[in-house]
>>> print(open('model-v9.cif').read())   # mmCIF, C-alpha atoms
data_query
loop_
_atom_site.label_atom_id
_atom_site.label_comp_id
_atom_site.auth_asym_id
_atom_site.auth_seq_id
_atom_site.Cartn_x
_atom_site.Cartn_y
_atom_site.Cartn_z
CA MET A 30 0.00 0.00 0.00
CA ILE A 31 1.18 3.52 -0.81
CA LYS A 32 2.53 5.25 2.29
CA ASN A 33 4.57 8.09 0.74
CA ILE A 34 3.12 10.64 -1.68
CA LEU A 35 4.96 13.54 -3.31
CA PHE A 36 3.06 16.28 -5.13
CA GLY A 37 4.00 19.40 -7.04
CA VAL A 38 2.93 22.88 -5.97
CA ASP A 39 3.12 25.64 -8.58
CA GLY A 40 0.21 27.98 -7.83
CA SER A 41 -1.74 26.97 -10.94
CA ALA A 42 -5.35 25.79 -11.01
CA GLY A 43 -4.09 22.38 -12.12
CA GLY A 44 -1.63 22.31 -9.24
CA GLU A 45 -4.40 23.05 -6.77
CA VAL A 46 -6.40 20.08 -8.07
CA ALA A 47 -3.31 17.86 -7.78
CA ARG A 48 -2.95 19.04 -4.19
CA GLU A 49 -6.56 18.09 -3.42
CA TYR A 50 -6.02 14.59 -4.80
CA ALA A 51 -2.79 14.24 -2.79
CA LEU A 52 -4.47 15.43 0.41
CA ASP A 53 -7.43 13.13 -0.12
CA LEU A 54 -5.21 10.13 -0.79
CA GLY A 55 -2.97 11.04 2.13
CA ARG A 56 -5.96 11.05 4.46
CA ARG A 57 -7.52 7.86 3.11
CA LEU A 58 -4.24 5.92 2.94
CA ASP A 59 -2.73 7.41 6.11
CA ALA A 60 0.30 8.30 3.97
CA ARG A 61 3.19 10.72 4.48
CA LEU A 62 2.88 13.75 2.19
CA GLU A 63 5.63 15.91 0.72
CA ALA A 64 4.77 19.10 -1.16
CA VAL A 65 7.50 20.27 -3.54
CA HIS A 66 7.81 23.62 -5.28
CA VAL A 67 10.51 23.92 -7.92
CA VAL A 68 11.75 27.40 -8.78
CA ASP A 69 11.96 27.00 -12.55
CA ALA A 70 15.53 27.65 -13.67
CA ARG A 71 14.25 28.43 -17.16
CA MET A 72 12.88 31.68 -15.75
CA LEU A 73 16.37 32.64 -14.57
CA GLU A 74 18.37 31.82 -17.67
CA PHE A 75 19.57 35.04 -19.32
CA PRO A 76 16.76 37.34 -18.22
CA LEU A 77 16.39 40.03 -20.86
CA LEU A 78 15.33 43.50 -19.88
CA ALA A 79 14.43 46.55 -21.92
CA SER A 80 16.47 49.65 -21.10
CA PRO A 81 15.12 53.21 -21.54
CA THR A 82 16.93 53.34 -24.90
CA GLY A 83 15.01 50.31 -26.08
CA VAL A 84 18.07 48.05 -26.09
CA ILE A 85 17.58 44.52 -24.73
CA GLY A 86 20.38 43.54 -22.38
CA TRP A 87 21.54 41.43 -19.45
CA SER A 88 21.08 42.73 -15.90
CA PRO A 89 22.67 40.69 -13.08
CA THR A 90 20.93 42.82 -10.46
CA ALA A 91 17.56 42.20 -12.03
CA GLY A 92 18.40 38.50 -12.26
CA ASN A 93 19.10 38.34 -8.53
CA GLU A 94 15.90 40.21 -7.77
CA LEU A 95 13.94 37.83 -9.97
CA GLN A 96 15.44 34.82 -8.20
CA GLN A 97 14.55 36.29 -4.81
CA ALA A 98 11.02 37.04 -5.98
CA LEU A 99 10.56 33.51 -7.33
CA ARG A 100 11.90 32.04 -4.09
CA ALA A 101 9.53 34.20 -2.04
CA ARG A 102 6.62 33.13 -4.22
CA GLY A 103 7.52 29.47 -3.82
CA GLU A 104 7.83 29.79 -0.06
CA ALA A 105 4.43 31.52 0.10
CA LEU A 106 2.83 28.74 -1.96
CA LEU A 107 4.32 26.10 0.33
CA ARG A 108 3.12 27.93 3.44
CA GLU A 109 -0.37 28.11 1.96
CA THR A 110 -0.24 24.38 1.16
CA ALA A 111 0.91 23.56 4.71
CA ALA A 112 -1.96 25.64 6.09
CA ARG A 113 -4.44 23.86 3.80
CA ALA A 114 -3.13 20.48 4.94
CA GLU A 115 -3.26 21.50 8.62
CA GLN A 116 -6.84 22.62 8.09
CA ALA A 117 -7.62 19.14 6.77
CA GLY A 118 -5.77 17.51 9.67
CA ILE A 119 -3.12 16.01 7.40
CA PRO A 120 0.61 16.42 8.16
CA VAL A 121 2.76 17.52 5.23
CA VAL A 122 6.46 18.19 4.68
CA THR A 123 7.31 21.09 2.33
CA THR A 124 10.41 21.36 0.15
CA LEU A 125 11.72 24.18 -2.08
CA GLU A 126 14.00 23.19 -4.95
CA PHE A 127 15.75 25.04 -7.79
CA GLY A 128 16.19 23.67 -11.31
CA HIS A 129 14.22 22.39 -14.26
CA PRO A 130 11.01 21.02 -12.68
CA ALA A 131 10.82 17.73 -14.59
CA GLN A 132 14.48 16.92 -13.91
CA VAL A 133 14.22 17.84 -10.23
CA LEU A 134 11.16 15.62 -9.81
CA ALA A 135 12.97 12.79 -11.60
CA ASP A 136 15.96 13.23 -9.27
CA ILE A 137 13.91 13.14 -6.05
CA GLN A 138 11.29 10.54 -7.00
CA SER A 139 13.23 7.78 -5.26
CA ARG A 140 12.08 9.08 -1.87
CA THR A 141 8.40 8.50 -2.60
CA GLU A 142 6.01 5.80 -3.84
CA LEU A 143 3.64 8.02 -5.81
CA VAL A 144 4.08 11.35 -7.60
CA VAL A 145 0.97 13.49 -8.12
CA LEU A 146 1.05 16.16 -10.84
CA GLY A 147 -1.55 18.36 -12.50
CA ARG A 148 -2.23 17.81 -16.18
CA GLN A 149 -1.73 21.54 -16.80
CA GLY A 150 0.77 23.65 -14.91
CA GLU A 151 1.49 27.30 -14.27
CA HIS A 152 2.64 28.03 -17.84
CA SER A 153 -0.41 26.53 -19.57
CA LYS A 154 -1.80 29.94 -20.60
CA THR A 155 1.08 32.39 -20.37
CA ALA A 156 3.65 30.20 -22.14
CA PRO A 157 2.08 27.63 -24.46
CA ASP A 158 5.47 26.13 -25.34
CA LEU A 159 5.85 25.11 -21.69
CA ALA A 160 2.25 23.95 -21.21
CA GLY A 161 2.16 20.47 -19.77
CA SER A 162 5.90 20.07 -20.36
CA THR A 163 6.74 19.28 -16.73
CA MET A 164 4.23 16.45 -16.61
CA GLU A 165 5.16 15.12 -20.05
CA ARG A 166 8.90 15.28 -19.45
CA PHE A 167 8.65 13.76 -16.01
CA VAL A 168 6.57 10.75 -17.04
CA ARG A 169 9.22 9.86 -19.62
CA ARG A 170 11.72 9.65 -16.75
CA ALA A 171 9.36 8.31 -14.11
CA GLN A 172 10.39 5.19 -12.23
CA ARG A 173 7.63 5.65 -9.67
CA PRO A 174 3.88 5.58 -10.41
CA CYS A 175 2.63 9.01 -11.43
CA LEU A 176 -0.93 10.22 -10.91
CA VAL A 177 -1.81 12.85 -13.52
CA THR A 178 -4.82 14.82 -12.31
CA PRO A 179 -7.57 16.51 -14.41
CA GLY A 180 -9.10 19.98 -14.16
CA THR A 181 -11.44 19.25 -11.26
CA PHE A 182 -11.25 17.15 -8.10
CA THR A 183 -13.58 14.22 -7.42
CA PRO A 184 -12.90 11.62 -4.70
CA ILE A 185 -11.97 8.25 -6.19
CA VAL A 186 -14.90 5.81 -5.98
CA ARG A 187 -14.07 3.17 -8.62
CA ILE A 188 -10.88 2.30 -10.52
CA LEU A 189 -10.43 0.98 -14.06
CA VAL A 190 -7.15 -0.71 -14.95
CA ALA A 191 -6.13 -1.56 -18.52
CA ALA A 192 -4.60 -5.03 -18.83
CA ASP A 193 -2.80 -6.10 -22.01
CA GLY A 194 -0.48 -8.81 -20.73
CA SER A 195 2.67 -6.68 -20.82
CA PRO A 196 5.00 -6.39 -17.80
CA SER A 197 4.14 -2.69 -17.46
CA ALA A 198 0.42 -3.44 -17.45
CA GLY A 199 1.05 -6.17 -14.89
CA ARG A 200 2.65 -3.62 -12.58
CA ALA A 201 -0.25 -1.25 -13.21
CA LEU A 202 -2.61 -4.06 -12.19
CA SER A 203 -0.65 -4.62 -8.99
CA GLU A 204 -0.79 -0.91 -8.12
CA ALA A 205 -4.50 -0.72 -8.97
CA VAL A 206 -5.36 -3.78 -6.86
CA GLY A 207 -3.42 -2.42 -3.89
CA LEU A 208 -5.00 1.02 -4.24
CA ALA A 209 -8.53 -0.36 -4.66
CA ASN A 210 -8.13 -2.50 -1.55
CA ALA A 211 -6.64 0.34 0.49
CA LEU A 212 -9.36 2.79 -0.56
CA GLN A 213 -12.03 0.08 -0.29
CA VAL A 214 -13.39 0.81 -3.77
CA PRO A 215 -14.30 -1.59 -6.63
CA LEU A 216 -11.93 -2.34 -9.50
CA VAL A 217 -12.78 -2.90 -13.17
CA ILE A 218 -10.19 -4.82 -15.22
CA LEU A 219 -10.44 -3.94 -18.92
CA THR A 220 -8.68 -5.66 -21.79
CA VAL A 221 -9.08 -4.23 -25.28
CA ALA A 222 -8.73 -6.30 -28.44
CA GLU A 223 -7.86 -4.10 -31.38
CA SER A 224 -9.76 -6.44 -33.70
CA ALA A 225 -11.99 -9.49 -33.53
CA ASP A 226 -8.95 -11.63 -34.39
CA ASP A 227 -7.37 -10.60 -31.08
CA LEU A 228 -10.47 -11.29 -28.99
CA ALA A 229 -9.50 -14.79 -27.77
CA ARG A 230 -6.13 -13.59 -26.54
CA ALA A 231 -7.70 -10.53 -24.89
CA GLN A 232 -10.15 -12.76 -23.03
CA GLN A 233 -7.30 -14.96 -21.77
CA VAL A 234 -5.27 -11.94 -20.63
CA ASN A 235 -8.32 -10.55 -18.86
CA LEU A 236 -9.03 -13.86 -17.12
CA GLU A 237 -5.46 -14.07 -15.84
CA ALA A 238 -5.55 -10.48 -14.56
CA HIS A 239 -8.90 -11.06 -12.86
CA THR A 240 -7.57 -14.22 -11.20
CA ILE A 241 -4.65 -12.22 -9.76
CA ALA A 242 -6.98 -9.53 -8.42
CA ARG A 243 -9.32 -12.03 -6.81
CA ALA A 244 -6.35 -13.78 -5.19
CA HIS A 245 -5.77 -10.50 -3.35
CA GLN A 246 -9.42 -10.38 -2.21
CA CYS A 247 -10.06 -7.41 -4.49
CA ALA A 248 -13.65 -6.66 -5.50
CA ALA A 249 -12.87 -6.78 -9.22
CA ALA A 250 -15.05 -7.03 -12.32
CA ALA A 251 -13.73 -8.29 -15.67
CA LEU A 252 -14.48 -6.56 -18.97
CA VAL A 253 -13.30 -7.13 -22.56
CA ALA A 254 -13.90 -4.70 -25.44
CA VAL A 255 -12.97 -4.48 -29.12
CA GLY A 256 -11.73 -1.35 -30.86
CA PRO A 257 -9.16 1.44 -30.53
CA PRO A 258 -7.70 0.98 -27.02
CA ALA A 259 -7.52 4.66 -25.99
CA THR A 260 -11.11 5.28 -27.07
CA ARG A 261 -12.44 2.14 -25.42
CA ILE A 262 -10.61 2.85 -22.15
CA LEU A 263 -12.28 6.25 -21.84
CA GLU A 264 -15.68 4.93 -22.95
CA LYS A 265 -15.66 2.01 -20.53
CA ALA A 266 -14.43 4.15 -17.65
CA GLU A 267 -17.41 6.44 -18.15
CA GLU A 268 -19.88 3.58 -18.63
CA THR A 269 -18.76 1.78 -15.46
CA GLY A 270 -18.53 4.91 -13.31
CA CYS A 271 -14.76 4.67 -12.86
CA ASN A 272 -13.12 7.98 -12.00
CA LEU A 273 -9.52 6.77 -11.94
CA VAL A 274 -7.80 4.95 -14.80
CA ALA A 275 -4.56 2.99 -14.28
CA VAL A 276 -2.41 2.09 -17.29
CA GLY A 277 1.07 0.76 -17.92
CA SER A 278 3.35 3.21 -19.69
CA HIS A 279 4.76 0.46 -21.93
CA GLY A 280 2.43 -1.96 -23.67
CA HIS A 281 2.03 -4.37 -26.54
CA GLY A 282 1.75 -2.09 -29.54
CA TRP A 283 -0.95 0.23 -28.26
CA ILE A 284 1.01 1.98 -25.51
CA TYR A 285 4.25 3.03 -27.10
CA ASP A 286 7.66 2.88 -25.45
CA ARG A 287 8.05 6.66 -25.50
CA LEU A 288 4.55 7.08 -24.03
CA ILE A 289 3.75 10.59 -25.25
CA GLY A 290 1.97 10.19 -28.58
CA GLY A 291 0.57 6.75 -27.72
CA ALA A 292 -2.74 5.60 -26.30
CA ALA A 293 -1.70 6.37 -22.73
CA ALA A 294 -1.00 9.96 -23.74
CA HIS A 295 -4.43 10.18 -25.35
CA VAL A 296 -6.08 8.92 -22.16
CA VAL A 297 -4.11 11.47 -20.11
CA ALA A 298 -4.92 14.34 -22.47
CA SER A 299 -8.56 13.55 -23.18
CA GLY A 300 -9.91 11.91 -20.05
CA LYS A 301 -11.92 13.74 -17.42
CA MET A 302 -10.52 11.56 -14.64
CA PRO A 303 -7.05 11.18 -13.13
CA VAL A 304 -4.73 8.68 -14.78
CA LEU A 305 -2.27 6.53 -12.87
CA LEU A 306 0.75 5.83 -15.10
CA VAL A 307 2.93 2.89 -14.08
CA ARG A 308 6.23 2.01 -15.75
#
>>> encode(input="model-v9.cif", output="structure tokens")
Amino acid sequence: MIKNILFGVDGSAGGEVAREYALDLGRRLDARLEAVHVVDARMLEFPLLASPTGVIGWSPTAGNELQQALRARGEALLRETAARAEQAGIPVVTTLEFGHPAQVLADIQSRTELVVLGRQGEHSKTAPDLAGSTMERFVRRAQRPCLVTPGTFTPIVRILVAADGSPSAGRALSEAVGLANALQVPLVILTVAESADDLARAQQVNLEAHTIARAHQCAAAALVAVGPPATRILEKAEETGCNLVAVGSHGHGWIYDRLIGGAAAHVVASGKMPVLLVR
């Protein structure tokens, strides 16, 4: 069972939703929480300022002031998060880091069992080229399960896990079974056959996954569908009332090795529920 949860704090609407999921899971799992704010080094690289003459130049003084301002903002966000957690009766440790957010998170992930990140971060509107980049870059490096949260918070009441027989999907099943048992919520195990020719294999994979779940006394239902995996995952999650989807980040053909651009990325980008990505 998950007993250590790390979540990002960046002051964005998406970050606030990620915080709510982390706090809710921390309370329900009796887990240790760590809130991390990363002062984005990209904001400090060669700050360009306009002089009265209209010339763009480098200003070390302004760079130092910007760094101090960003640090102060991060500390304020962490204090606000600590106050929110105290209000909810949940202890939390706060950490301020400097660097590129995705790399920092990758470097410190070893001290947790679950990383919670918002689908959209602080740059989603002001800097489109950075929108979602922290989440996308981190999940490529992630060795720990990563919960990518949507635009609104809803307590988890039922979990859908996609099973395709791959090692990554097997680990996603293990995480989903443990989480469902710990939260005392039902689990739906879905296997998608891309065509009717694959149906027999999909049914066998689903049976094996369901047997594993039942061996752990998990209240699990088995479901097999035919069609495009990403589309069917979202459809079946909605039909069965699942508001958390767990998927392996590496699959057999339909979840590509590089993740972003594959079916898992489509589920993350298009779903209205949080997605648990497991390497």
>>> resolve_selection(input="model-v9.cif", expression="the PyMOL selection byres ((chain A and resi 231) around 10)", output="ChimeraX atom specification")
/A:192-194,219-230,232-237,252-255
>>> closest_residue(input="model-v9.cif", among="A:Arg170, A:His66, A:Arg308, A:Arg100", to="Arg200 (chain A)", atoms="all atoms listed in the file")
A:Arg308
>>> resolve_selection(input="model-v9.cif", expression="the PyMOL selection byres ((chain A and resi 306) around 7)", output="list of chain:residue names")
A:Pro174, A:Cys175, A:Leu176, A:Ala275, A:Val276, A:Gly277, A:Ser278, A:Val304, A:Leu305, A:Val307, A:Arg308
>>> resolve_selection(input="model-v9.cif", expression="the PyMOL selection byres ((chain A and resi 121) around 9)", output="PDB file with C-alpha atoms, keeping the file's coordinate frame")
ATOM      1  CA  LEU A  52      -4.470  15.430   0.410  1.00  0.00           C
ATOM      2  CA  ARG A  61       3.190  10.720   4.480  1.00  0.00           C
ATOM      3  CA  LEU A  62       2.880  13.750   2.190  1.00  0.00           C
ATOM      4  CA  GLU A  63       5.630  15.910   0.720  1.00  0.00           C
ATOM      5  CA  ALA A  64       4.770  19.100  -1.160  1.00  0.00           C
ATOM      6  CA  THR A 110      -0.240  24.380   1.160  1.00  0.00           C
ATOM      7  CA  ALA A 111       0.910  23.560   4.710  1.00  0.00           C
ATOM      8  CA  ALA A 114      -3.130  20.480   4.940  1.00  0.00           C
ATOM      9  CA  GLU A 115      -3.260  21.500   8.620  1.00  0.00           C
ATOM     10  CA  ILE A 119      -3.120  16.010   7.400  1.00  0.00           C
ATOM     11  CA  PRO A 120       0.610  16.420   8.160  1.00  0.00           C
ATOM     12  CA  VAL A 122       6.460  18.190   4.680  1.00  0.00           C
ATOM     13  CA  THR A 123       7.310  21.090   2.330  1.00  0.00           C
TER      14      THR A 123
END
>>> residues_around(input="model-v9.cif", residues="region 54-57 of chain A", least_positions_apart="4", cutoff="9 Å", atoms="all atoms listed in the file", output="list in words")
Lys32, Asn33, Ile34, Glu49, Tyr50, Arg61, Leu62, Ala117, Gly118, Ile119, Pro120, Pro184, Ile185, Ala211 and Leu212 of chain A
>>> write_last_selection(input="model-v9.cif", atoms="C-alpha atoms", output="compact mmCIF listing (two decimals), in the coordinates of the input")
# COMPACT_ATOMS: atom_id res chain seq x y z
CA LYS A 32 2.53 5.25 2.29
CA ASN A 33 4.57 8.09 0.74
CA ILE A 34 3.12 10.64 -1.68
CA GLU A 49 -6.56 18.09 -3.42
CA TYR A 50 -6.02 14.59 -4.80
CA ARG A 61 3.19 10.72 4.48
CA LEU A 62 2.88 13.75 2.19
CA ALA A 117 -7.62 19.14 6.77
CA GLY A 118 -5.77 17.51 9.67
CA ILE A 119 -3.12 16.01 7.40
CA PRO A 120 0.61 16.42 8.16
CA PRO A 184 -12.90 11.62 -4.70
CA ILE A 185 -11.97 8.25 -6.19
CA ALA A 211 -6.64 0.34 0.49
CA LEU A 212 -9.36 2.79 -0.56
>>> atom_distance(input="model-v9.cif", atom1="CA of Ala135 (chain A)", atom2="CA of Cys271 (chain A)")
28.9 Å
>>> atom_distance(input="model-v9.cif", atom1="CA of Phe127 (chain A)", atom2="CA of Ala70 (chain A)")
6.4 Å
>>> residues_around(input="model-v9.cif", residues="Thr124 (chain A)", least_positions_apart="6", cutoff="10 Å", atoms="only C-alpha atoms", output="mmCIF file with C-alpha atoms, in the frame of the given file")
data_model
loop_
_atom_site.group_PDB
_atom_site.id
_atom_site.type_symbol
_atom_site.label_atom_id
_atom_site.label_comp_id
_atom_site.auth_asym_id
_atom_site.auth_seq_id
_atom_site.Cartn_x
_atom_site.Cartn_y
_atom_site.Cartn_z
ATOM 1 C CA GLY A 37 4.000 19.400 -7.040
ATOM 2 C CA VAL A 38 2.930 22.880 -5.970
ATOM 3 C CA GLU A 63 5.630 15.910 0.720
ATOM 4 C CA ALA A 64 4.770 19.100 -1.160
ATOM 5 C CA VAL A 65 7.500 20.270 -3.540
ATOM 6 C CA HIS A 66 7.810 23.620 -5.280
ATOM 7 C CA VAL A 67 10.510 23.920 -7.920
ATOM 8 C CA GLY A 103 7.520 29.470 -3.820
ATOM 9 C CA GLU A 104 7.830 29.790 -0.060
ATOM 10 C CA LEU A 107 4.320 26.100 0.330
#
>>> closest_residue(input="model-v9.cif", among="A:Leu202, A:Ala112, A:Val177, A:Leu106", to="Met302 (chain A)", atoms="all atoms listed in the file")
A:Val177
>>> atom_distance(input="model-v9.cif", atom1="CA of Ile262 (chain A)", atom2="CA of Gly199 (chain A)")
16.4 Å
>>> axis_aligned_box(input="model-v9.cif", around="region 95-100 of chain A", padding_each_side="6 Å", output="AutoDock Vina command-line options")
--center_x 13.0 --center_y 34.9 --center_z -7.0 --size_x 16.9 --size_y 17.8 --size_z 17.9
>>> closest_residue(input="model-v9.cif", among="A:Ile218, A:Met164, A:Ile241, A:Cys247", to="Val297 (chain A)", atoms="all atoms listed in the file")
A:Met164
>>> closest_residue(input="model-v9.cif", among="A:Thr260, A:Ser195, A:Asn210, A:Gln149", to="Gly40 (chain A)", atoms="all atoms listed in the file")
A:Gln149
>>> residues_around(input="model-v9.cif", residues="Val217 (chain A)", least_positions_apart="4", cutoff="7 Å", atoms="all atoms listed in the file", output="MDAnalysis selection string")
chainID A and resid 188:190 249:251
>>> residues_around(input="model-v9.cif", residues="Leu208 (chain A)", least_positions_apart="3", cutoff="9 Å", atoms="all atoms listed in the file", output="number ranges by chain")
A: 30-31, 58, 188, 203-205, 211-214
>>> write_last_selection(input="model-v9.cif", atoms="C-alpha atoms", output="PDB file, in the frame of the given file")
ATOM      1  CA  MET A  30       0.000   0.000   0.000  1.00  0.00           C
ATOM      2  CA  ILE A  31       1.180   3.520  -0.810  1.00  0.00           C
ATOM      3  CA  LEU A  58      -4.240   5.920   2.940  1.00  0.00           C
ATOM      4  CA  ILE A 188     -10.880   2.300 -10.520  1.00  0.00           C
ATOM      5  CA  SER A 203      -0.650  -4.620  -8.990  1.00  0.00           C
ATOM      6  CA  GLU A 204      -0.790  -0.910  -8.120  1.00  0.00           C
ATOM      7  CA  ALA A 205      -4.500  -0.720  -8.970  1.00  0.00           C
ATOM      8  CA  ALA A 211      -6.640   0.340   0.490  1.00  0.00           C
ATOM      9  CA  LEU A 212      -9.360   2.790  -0.560  1.00  0.00           C
ATOM     10  CA  GLN A 213     -12.030   0.080  -0.290  1.00  0.00           C
ATOM     11  CA  VAL A 214     -13.390   0.810  -3.770  1.00  0.00           C
TER      12      VAL A 214
END
>>> closest_residue(input="model-v9.cif", among="A:Asn93, A:Ser197, A:Gln246, A:Thr181", to="Ala209 (chain A)", atoms="only C-alpha atoms")
A:Gln246
>>> closest_residue(input="model-v9.cif", among="A:Val133, A:His239, A:Ala191, A:Thr163", to="Ala259 (chain A)", atoms="all atoms listed in the file")
A:Ala191
